[in-house]
$ cat coords_19.cif   # mmCIF, C-alpha atoms
data_start
loop_
_atom_site.label_atom_id
_atom_site.label_comp_id
_atom_site.auth_asym_id
_atom_site.auth_seq_id
_atom_site.Cartn_x
_atom_site.Cartn_y
_atom_site.Cartn_z
CA MET G 202 18.16 -68.43 29.95
CA PHE G 203 21.70 -67.35 30.80
CA SER G 204 23.73 -69.36 28.28
CA ARG G 205 23.86 -66.34 25.93
CA ILE G 206 23.42 -62.83 27.34
CA LEU G 207 22.90 -59.90 24.96
CA VAL G 208 24.52 -56.70 26.30
CA PRO G 209 23.69 -53.48 24.36
CA LEU G 210 26.33 -50.78 24.91
CA ASP G 211 26.45 -47.20 23.63
CA GLY G 212 29.94 -46.23 24.79
CA SER G 213 28.83 -44.45 27.97
CA GLY G 214 29.89 -45.31 31.49
CA LEU G 215 26.24 -45.45 32.49
CA ALA G 216 25.54 -48.21 29.97
CA GLU G 217 28.64 -50.09 31.16
CA ALA G 218 27.15 -50.35 34.68
CA ILE G 219 25.48 -53.57 33.50
CA LEU G 220 28.83 -55.23 32.78
CA PRO G 221 29.64 -56.39 36.35
CA VAL G 222 26.26 -58.13 36.54
CA SER G 223 26.61 -59.66 33.08
CA ARG G 224 30.16 -60.87 33.77
CA ALA G 225 29.15 -62.41 37.10
CA LEU G 226 26.27 -64.33 35.50
CA ALA G 227 28.37 -65.50 32.58
CA GLU G 228 31.13 -66.67 34.92
CA ARG G 229 28.88 -68.56 37.35
CA LEU G 230 26.59 -70.03 34.68
CA SER G 231 29.21 -70.69 31.96
CA GLY G 232 27.46 -68.23 29.65
CA THR G 233 28.60 -66.12 26.71
CA LEU G 234 28.28 -62.33 26.61
CA VAL G 235 27.12 -60.97 23.25
CA LEU G 236 28.18 -57.31 23.26
CA VAL G 237 26.28 -55.22 20.70
CA HIS G 238 25.86 -51.63 19.58
CA VAL G 239 22.96 -50.35 17.47
CA LEU G 240 23.77 -47.47 15.12
CA GLU G 241 20.87 -45.03 15.17
CA ARG G 242 19.74 -42.73 12.38
CA ASP G 243 20.71 -39.12 13.18
CA ALA G 244 22.22 -40.27 16.47
CA ALA G 245 23.23 -37.60 18.98
CA GLU G 246 26.94 -36.87 19.30
CA THR G 247 26.74 -37.33 23.06
CA VAL G 248 24.79 -39.65 25.35
CA HIS G 249 24.47 -39.16 29.11
CA GLY G 250 27.03 -36.36 28.74
CA GLU G 251 29.58 -38.63 27.05
CA ARG G 252 30.64 -39.21 23.45
CA HIS G 253 28.17 -41.39 21.59
CA LEU G 254 29.29 -44.14 19.23
CA THR G 255 27.95 -43.04 15.84
CA GLU G 256 30.39 -44.74 13.44
CA ALA G 257 30.62 -48.48 12.79
CA ALA G 258 34.42 -48.60 13.00
CA ASP G 259 34.51 -46.76 16.34
CA ALA G 260 31.76 -48.95 17.71
CA GLN G 261 33.52 -52.14 16.62
CA ASP G 262 36.81 -51.05 18.21
CA TYR G 263 35.02 -50.16 21.42
CA LEU G 264 33.11 -53.45 21.62
CA GLU G 265 36.21 -55.49 20.84
CA SER G 266 38.10 -53.79 23.66
CA LYS G 267 35.28 -54.72 26.06
CA ARG G 268 35.17 -58.24 24.62
CA ASP G 269 38.92 -58.69 25.10
CA GLY G 270 38.59 -57.44 28.69
CA CYS G 271 35.97 -60.12 29.38
CA ARG G 272 38.07 -62.82 27.75
CA GLY G 273 41.00 -61.74 29.90
CA LEU G 274 38.86 -62.65 32.92
CA GLY G 275 38.12 -66.07 31.43
CA ILE G 276 34.61 -65.08 30.30
CA LYS G 277 33.39 -66.00 26.82
CA ALA G 278 32.37 -62.92 24.84
CA GLU G 279 31.52 -61.75 21.32
CA ALA G 280 31.28 -58.27 19.73
CA HIS G 281 28.76 -57.23 17.06
CA VAL G 282 27.74 -53.88 15.56
CA ASP G 283 24.26 -53.53 14.05
CA VAL G 284 24.84 -51.31 11.02
CA HIS G 285 21.23 -51.26 9.79
CA LYS G 286 20.49 -47.62 10.53
CA GLY G 287 16.99 -46.24 10.80
CA ARG G 288 15.30 -48.92 12.88
CA ASP G 289 13.83 -48.26 16.25
CA VAL G 290 16.49 -49.06 18.87
CA ALA G 291 14.20 -51.14 21.08
CA GLY G 292 12.99 -53.17 18.10
CA ALA G 293 16.57 -53.61 16.89
CA ILE G 294 17.68 -54.89 20.30
CA ASP G 295 14.82 -57.39 20.34
CA GLU G 296 15.74 -58.62 16.84
CA LEU G 297 19.40 -58.91 17.82
CA ALA G 298 18.42 -61.05 20.80
CA TRP G 299 16.62 -63.44 18.48
CA ALA G 300 19.38 -63.38 15.85
CA HIS G 301 22.08 -64.20 18.40
CA GLU G 302 19.89 -66.71 20.29
CA ALA G 303 20.19 -64.75 23.53
CA GLY G 304 18.12 -65.92 26.48
CA VAL G 305 18.21 -62.55 28.21
CA ILE G 306 18.94 -58.90 27.35
CA ALA G 307 21.16 -57.18 29.95
CA MET G 308 21.19 -53.38 29.96
CA SER G 309 21.23 -50.22 32.07
CA ALA G 310 18.46 -47.66 32.56
CA HIS G 311 19.07 -43.98 33.23
CA GLY G 312 16.18 -43.79 35.71
CA ARG G 313 14.77 -40.43 34.58
CA ARG G 314 11.09 -40.03 33.70
CA THR G 315 11.04 -37.40 31.01
CA LEU G 316 7.92 -36.67 28.98
CA ARG G 317 9.39 -38.72 26.14
CA ASP G 318 9.90 -41.70 28.47
CA ARG G 319 6.33 -41.42 29.68
CA LEU G 320 4.97 -41.37 26.15
CA ILE G 321 7.03 -44.14 24.56
CA GLY G 322 8.68 -45.83 27.57
CA PRO G 323 12.34 -46.46 28.39
CA ILE G 324 14.24 -48.54 25.83
CA ALA G 325 14.49 -51.50 28.22
CA GLN G 326 10.73 -51.57 28.80
CA ARG G 327 10.05 -51.17 25.11
CA ALA G 328 12.46 -54.00 24.28
CA LEU G 329 10.57 -56.19 26.74
CA ARG G 330 7.27 -55.23 25.11
CA GLU G 331 8.61 -55.82 21.59
CA GLY G 332 9.43 -59.46 22.26
CA SER G 333 9.45 -62.25 24.81
CA THR G 334 13.15 -62.14 25.74
CA PRO G 335 13.58 -61.36 29.46
CA VAL G 336 15.42 -58.14 30.36
CA LEU G 337 18.06 -57.87 33.08
CA LEU G 338 18.00 -54.20 34.02
CA ARG G 339 20.39 -52.23 36.21
CA THR G 340 19.08 -48.83 37.19
CA ALA G 341 20.71 -45.47 37.84
CA GLY G 342 23.43 -45.15 40.46
CA ALA G 343 25.19 -48.45 39.80
CA SER G 344 28.94 -48.51 39.20
CA ALA G 345 30.70 -50.15 36.26
CA ASP G 346 33.68 -50.88 38.53
CA ALA G 347 32.10 -52.43 41.63
CA PRO G 348 31.71 -56.23 41.43
CA PHE G 349 28.21 -57.71 41.49
CA VAL G 350 27.48 -60.07 44.38
CA LEU G 351 24.21 -62.01 44.46
CA ARG G 352 23.27 -63.01 48.01
CA GLN G 353 19.56 -62.14 48.24
CA ILE G 354 16.88 -62.54 45.54
CA LEU G 355 13.47 -60.92 46.05
CA VAL G 356 10.57 -62.40 44.07
CA PRO G 357 7.25 -60.52 44.23
CA ILE G 358 4.48 -63.02 43.54
CA ASP G 359 1.29 -62.17 41.67
CA PHE G 360 -0.75 -65.34 41.19
CA ARG G 361 -2.52 -63.79 38.21
CA HIS G 362 0.73 -64.20 36.27
CA THR G 363 2.33 -67.35 34.89
CA LEU G 364 5.35 -67.85 37.16
CA THR G 365 7.05 -70.93 35.71
CA GLN G 366 9.82 -69.18 33.75
CA ALA G 367 10.57 -66.75 36.57
CA LEU G 368 10.87 -69.51 39.17
CA GLU G 369 13.12 -71.55 36.90
CA ALA G 370 15.40 -68.52 36.52
CA VAL G 371 15.36 -67.90 40.28
CA GLY G 372 16.34 -71.52 40.92
CA GLU G 373 19.17 -71.36 38.42
CA LEU G 374 20.56 -68.13 39.88
CA ALA G 375 20.11 -69.10 43.53
CA ARG G 376 21.99 -72.36 43.04
CA ALA G 377 24.80 -70.76 41.03
CA PHE G 378 25.39 -68.01 43.61
CA ASP G 379 24.18 -69.85 46.75
CA ALA G 380 21.71 -66.99 47.20
CA ALA G 381 18.71 -66.86 49.53
CA VAL G 382 15.24 -66.27 48.06
CA THR G 383 12.37 -64.22 49.49
CA LEU G 384 8.90 -64.75 48.03
CA LEU G 385 6.70 -61.71 48.60
CA TYR G 386 2.93 -61.43 48.24
CA ALA G 387 1.42 -57.95 48.62
CA ALA G 388 -2.29 -57.87 49.44
CA GLU G 389 -3.52 -54.81 47.56
CA PRO G 390 -6.18 -52.63 49.26
CA ALA G 391 -9.79 -53.02 48.20
CA ASN G 392 -11.30 -50.93 45.45
CA PRO G 393 -12.26 -47.61 47.15
CA LEU G 394 -15.75 -47.53 45.65
CA GLN G 395 -16.44 -51.13 46.63
CA ALA G 396 -15.09 -50.48 50.13
CA ARG G 397 -17.45 -47.52 50.58
CA LEU G 398 -20.56 -49.21 49.18
CA LEU G 399 -20.04 -52.64 50.75
CA PRO G 400 -17.54 -52.21 53.59
CA GLY G 401 -18.37 -55.45 55.39
CA SER G 402 -18.41 -57.63 52.29
CA SER G 403 -15.29 -55.95 50.97
CA ARG G 404 -13.33 -56.67 54.15
CA MET G 405 -14.48 -60.28 54.19
CA LEU G 406 -13.55 -60.88 50.55
CA ARG G 407 -10.15 -59.27 50.97
CA GLY G 408 -9.53 -61.37 54.05
CA LEU G 409 -10.40 -64.56 52.19
CA GLU G 410 -8.16 -63.58 49.28
CA ARG G 411 -5.23 -62.83 51.61
CA ARG G 412 -5.54 -66.15 53.43
CA ARG G 413 -5.82 -68.09 50.19
CA ALA G 414 -2.80 -66.28 48.72
CA ALA G 415 -0.81 -66.86 51.93
CA ARG G 416 -1.50 -70.61 51.73
CA ARG G 417 -0.45 -70.70 48.07
CA LEU G 418 2.69 -68.72 48.88
CA GLN G 419 3.67 -71.12 51.67
CA ALA G 420 3.05 -74.12 49.41
CA LEU G 421 5.27 -72.55 46.76
CA ALA G 422 8.00 -71.91 49.33
CA VAL G 423 7.85 -75.54 50.49
CA ARG G 424 8.17 -76.75 46.91
CA LEU G 425 11.23 -74.59 46.29
CA ARG G 426 12.84 -75.65 49.58
CA ARG G 427 12.44 -79.27 48.55
CA SER G 428 14.45 -78.45 45.44
CA GLY G 429 17.33 -77.32 47.66
CA LEU G 430 16.76 -73.54 47.83
CA ARG G 431 16.82 -71.34 50.94
CA VAL G 432 13.42 -69.64 50.84
CA ASP G 433 11.41 -67.25 53.02
CA ALA G 434 7.76 -66.41 52.32
CA VAL G 435 6.40 -63.00 53.31
CA THR G 436 2.86 -61.61 53.04
CA LYS G 437 2.28 -57.87 53.40
CA LYS G 438 -0.74 -55.57 53.17
CA GLY G 439 -0.71 -52.49 50.99
CA PRO G 440 0.33 -51.38 47.49
CA ALA G 441 2.71 -53.79 45.75
CA GLU G 442 5.35 -51.22 44.85
CA ARG G 443 5.64 -50.07 48.47
CA ALA G 444 5.89 -53.65 49.76
CA ILE G 445 8.53 -54.49 47.15
CA LEU G 446 10.68 -51.47 47.98
CA ASP G 447 10.31 -52.04 51.73
CA GLN G 448 11.43 -55.67 51.47
CA PHE G 449 14.19 -54.75 49.02
CA ARG G 450 15.65 -52.31 51.54
CA LEU G 451 15.02 -54.47 54.60
CA ARG G 452 16.68 -57.57 53.17
CA GLY G 453 19.36 -55.82 51.14
CA ALA G 454 18.23 -57.66 48.03
CA ASP G 455 20.75 -57.77 45.19
CA LEU G 456 18.17 -58.76 42.56
CA ILE G 457 14.39 -58.40 42.14
CA VAL G 458 12.66 -60.83 39.76
CA LEU G 459 9.40 -59.45 38.34
CA VAL G 460 6.83 -60.90 35.96
CA THR G 461 5.21 -58.03 34.11
CA HIS G 462 2.73 -57.31 31.34
CA GLY G 463 5.41 -55.12 29.75
CA ARG G 464 2.99 -52.24 29.31
CA VAL G 465 4.51 -49.15 27.79
CA GLY G 466 3.67 -45.55 27.03
CA LEU G 467 0.51 -43.81 28.17
CA THR G 468 -0.99 -46.97 29.64
CA ALA G 469 1.98 -47.43 31.99
CA TRP G 470 2.01 -43.72 32.84
CA TYR G 471 -1.64 -43.59 33.89
CA GLU G 472 -1.55 -46.92 35.67
CA ASN G 473 1.65 -46.01 37.54
CA SER G 474 3.07 -49.44 36.68
CA ILE G 475 5.41 -50.99 39.21
CA MET G 476 8.16 -51.31 36.61
CA GLN G 477 8.07 -47.60 35.80
CA ARG G 478 8.48 -46.79 39.49
CA MET G 479 11.17 -49.38 40.12
CA ILE G 480 13.56 -48.04 37.49
CA GLU G 481 13.91 -44.89 39.59
CA GLU G 482 15.44 -46.93 42.42
CA PRO G 483 19.07 -48.17 42.56
CA VAL G 484 18.21 -51.83 41.92
CA THR G 485 18.96 -54.71 39.58
CA LEU G 486 15.84 -56.24 38.06
CA LEU G 487 15.13 -59.37 36.05
CA LEU G 488 11.95 -58.61 34.10
CA LEU G 489 9.98 -61.37 32.41
CA ARG G 490 6.87 -60.91 30.34
CA ASP G 491 3.81 -62.87 31.31
CA ALA G 492 3.59 -65.94 29.08
CA ALA G 493 -0.03 -65.12 28.18
CA ASP G 494 1.03 -61.70 26.88
CA THR G 495 3.86 -63.25 24.90
CA ALA G 496 1.55 -65.76 23.24
CA THR G 497 -0.87 -62.98 22.29
CA SER G 498 1.77 -60.63 20.88
CA ASP G 499 3.51 -63.38 18.88
CA GLY G 500 0.34 -65.07 17.73
CA ASP G 501 0.42 -63.52 14.27
CA ASP G 502 4.13 -64.18 13.71
CA PRO G 503 4.71 -67.83 12.72
CA GLU G 504 8.46 -67.30 12.35
CA ARG G 505 8.80 -65.95 15.91
CA ARG G 506 6.62 -68.72 17.30
CA SER G 507 8.94 -71.25 15.66
CA ARG G 508 11.95 -69.62 17.32
#
$ encode --input "coords_19.cif" --output "structure tokens"
Amino acid sequence: MFSRILVPLDGSGLAEAILPVSRALAERLSGTLVLVHVLERDAAETVHGERHLTEAADAQDYLESKRDGCRGLGIKAEAHVDVHKGRDVAGAIDELAWAHEAGVIAMSAHGRRTLRDRLIGPIAQRALREGSTPVLLRTAGASADAPFVLRQILVPIDFRHTLTQALEAVGELARAFDAAVTLLYAAEPANPLQARLLPGSSRMLRGLERRRAARRLQALAVRLRRSGLRVDAVTKKGPAERAILDQFRLRGADLIVLVTHGRVGLTAWYENSIMQRMIEEPVTLLLLRDAADTATSDGDDPERRSR
């Protein structure tokens, strides 16, 4: 996953906050950073209060300076400007990931939830929805100067998702950085209507589900320990987003690995998706789309399936 890391940059310091993470991964995992900029149609002159790169020559100079800085640190890096104006930025980033054979897209999020974000979703979430390439996302408040240190990885577990790719990534990162891993299962509260109509049955069913999930979580932790990882397994009651944030703060996690449906727009807004909430926190996230969703979305695209 981390042999080639696509890093979209727009010239702003906020976007550059992903660079310490990207450089650390490339260094530890012998990867290559693919620095890119997408030229937008009718692009704004400023972005996040800073000058926006709107000309190909300026963008190329900027990316090459960042590339040379990475190479000076002994990190392999490339620089590419996408000059095909007029395409949707999220779609363009997804296509660039495929074109440059990137295993992950690394980018920053501004963390604001404007009406536009709620309707069409942040670019990172839309890029995840457009394709199957995982997204490494650093949220608001991160510094482009502070080094990234990976000591604690938090992995929320939802057994309804396919977890294979996420666990492979966790293993790769934990070994490279000698990081500890926390597996977290959050037992969501019962459906309110069901709890009112059938309180006894509802409590019994939830109890059975929690015990079964706890056994599965412990078995998963044992399996990962046998592969050489340092793993804790934690089961909590309550909403998933609250449990994730509580464990993130308690353990001082440097990275949260989430498998998501990649929902975007009005669906995510009304469902209060965990990913939408998480981007408002100062965290680094590795987001992977559920394999079942990926198969469905790519099912009508033979060329993408072949890639």
$ resolve_selection --input "coords_19.cif" --expression "the PyMOL selection byres ((chain G and resi 358) around 12)" --output "number ranges by chain"
G: 355-357, 359-365, 367-368, 383-388, 414-415, 417-419, 421-422, 434-437, 441-442, 444-445, 457-461
$ write_last_selection --input "coords_19.cif" --atoms "C-alpha atoms" --output "CSV table (one decimal), in the coordinates of the input"
chain,number,residue,atom,x,y,z
G,355,LEU,CA,13.5,-60.9,46.0
G,356,VAL,CA,10.6,-62.4,44.1
G,357,PRO,CA,7.2,-60.5,44.2
G,359,ASP,CA,1.3,-62.2,41.7
G,360,PHE,CA,-0.8,-65.3,41.2
G,361,ARG,CA,-2.5,-63.8,38.2
G,362,HIS,CA,0.7,-64.2,36.3
G,363,THR,CA,2.3,-67.4,34.9
G,364,LEU,CA,5.4,-67.8,37.2
G,365,THR,CA,7.0,-70.9,35.7
G,367,ALA,CA,10.6,-66.8,36.6
G,368,LEU,CA,10.9,-69.5,39.2
G,383,THR,CA,12.4,-64.2,49.5
G,384,LEU,CA,8.9,-64.8,48.0
G,385,LEU,CA,6.7,-61.7,48.6
G,386,TYR,CA,2.9,-61.4,48.2
G,387,ALA,CA,1.4,-58.0,48.6
G,388,ALA,CA,-2.3,-57.9,49.4
G,414,ALA,CA,-2.8,-66.3,48.7
G,415,ALA,CA,-0.8,-66.9,51.9
G,417,ARG,CA,-0.4,-70.7,48.1
G,418,LEU,CA,2.7,-68.7,48.9
G,419,GLN,CA,3.7,-71.1,51.7
G,421,LEU,CA,5.3,-72.6,46.8
G,422,ALA,CA,8.0,-71.9,49.3
G,434,ALA,CA,7.8,-66.4,52.3
G,435,VAL,CA,6.4,-63.0,53.3
G,436,THR,CA,2.9,-61.6,53.0
G,437,LYS,CA,2.3,-57.9,53.4
G,441,ALA,CA,2.7,-53.8,45.8
G,442,GLU,CA,5.4,-51.2,44.8
G,444,ALA,CA,5.9,-53.6,49.8
G,445,ILE,CA,8.5,-54.5,47.2
G,457,ILE,CA,14.4,-58.4,42.1
G,458,VAL,CA,12.7,-60.8,39.8
G,459,LEU,CA,9.4,-59.4,38.3
G,460,VAL,CA,6.8,-60.9,36.0
G,461,THR,CA,5.2,-58.0,34.1
$ closest_residue --input "coords_19.cif" --among "G:Glu302, G:Asp379, G:Glu241, G:Asp289" --to "Leu351 (chain G)" --atoms "all atoms listed in the file"
G:Asp379
$ residues_near_point --input "coords_19.cif" --point "(18.3, -64.5, 47.2)" --cutoff "6 Å" --atoms "only C-alpha atoms" --output "PyMOL selection string"
chain G and resi 352-354+380-382
$ atom_distance --input "coords_19.cif" --atom1 "CA of Ala420 (chain G)" --atom2 "CA of Leu486 (chain G)"
24.7 Å
$ resolve_selection --input "coords_19.cif" --expression "the PyMOL selection byres ((chain G and resi 224) around 9)" --output "VMD selection string"
chain G and resid 219 to 223 225 to 229 232 to 234 271 274 276 349
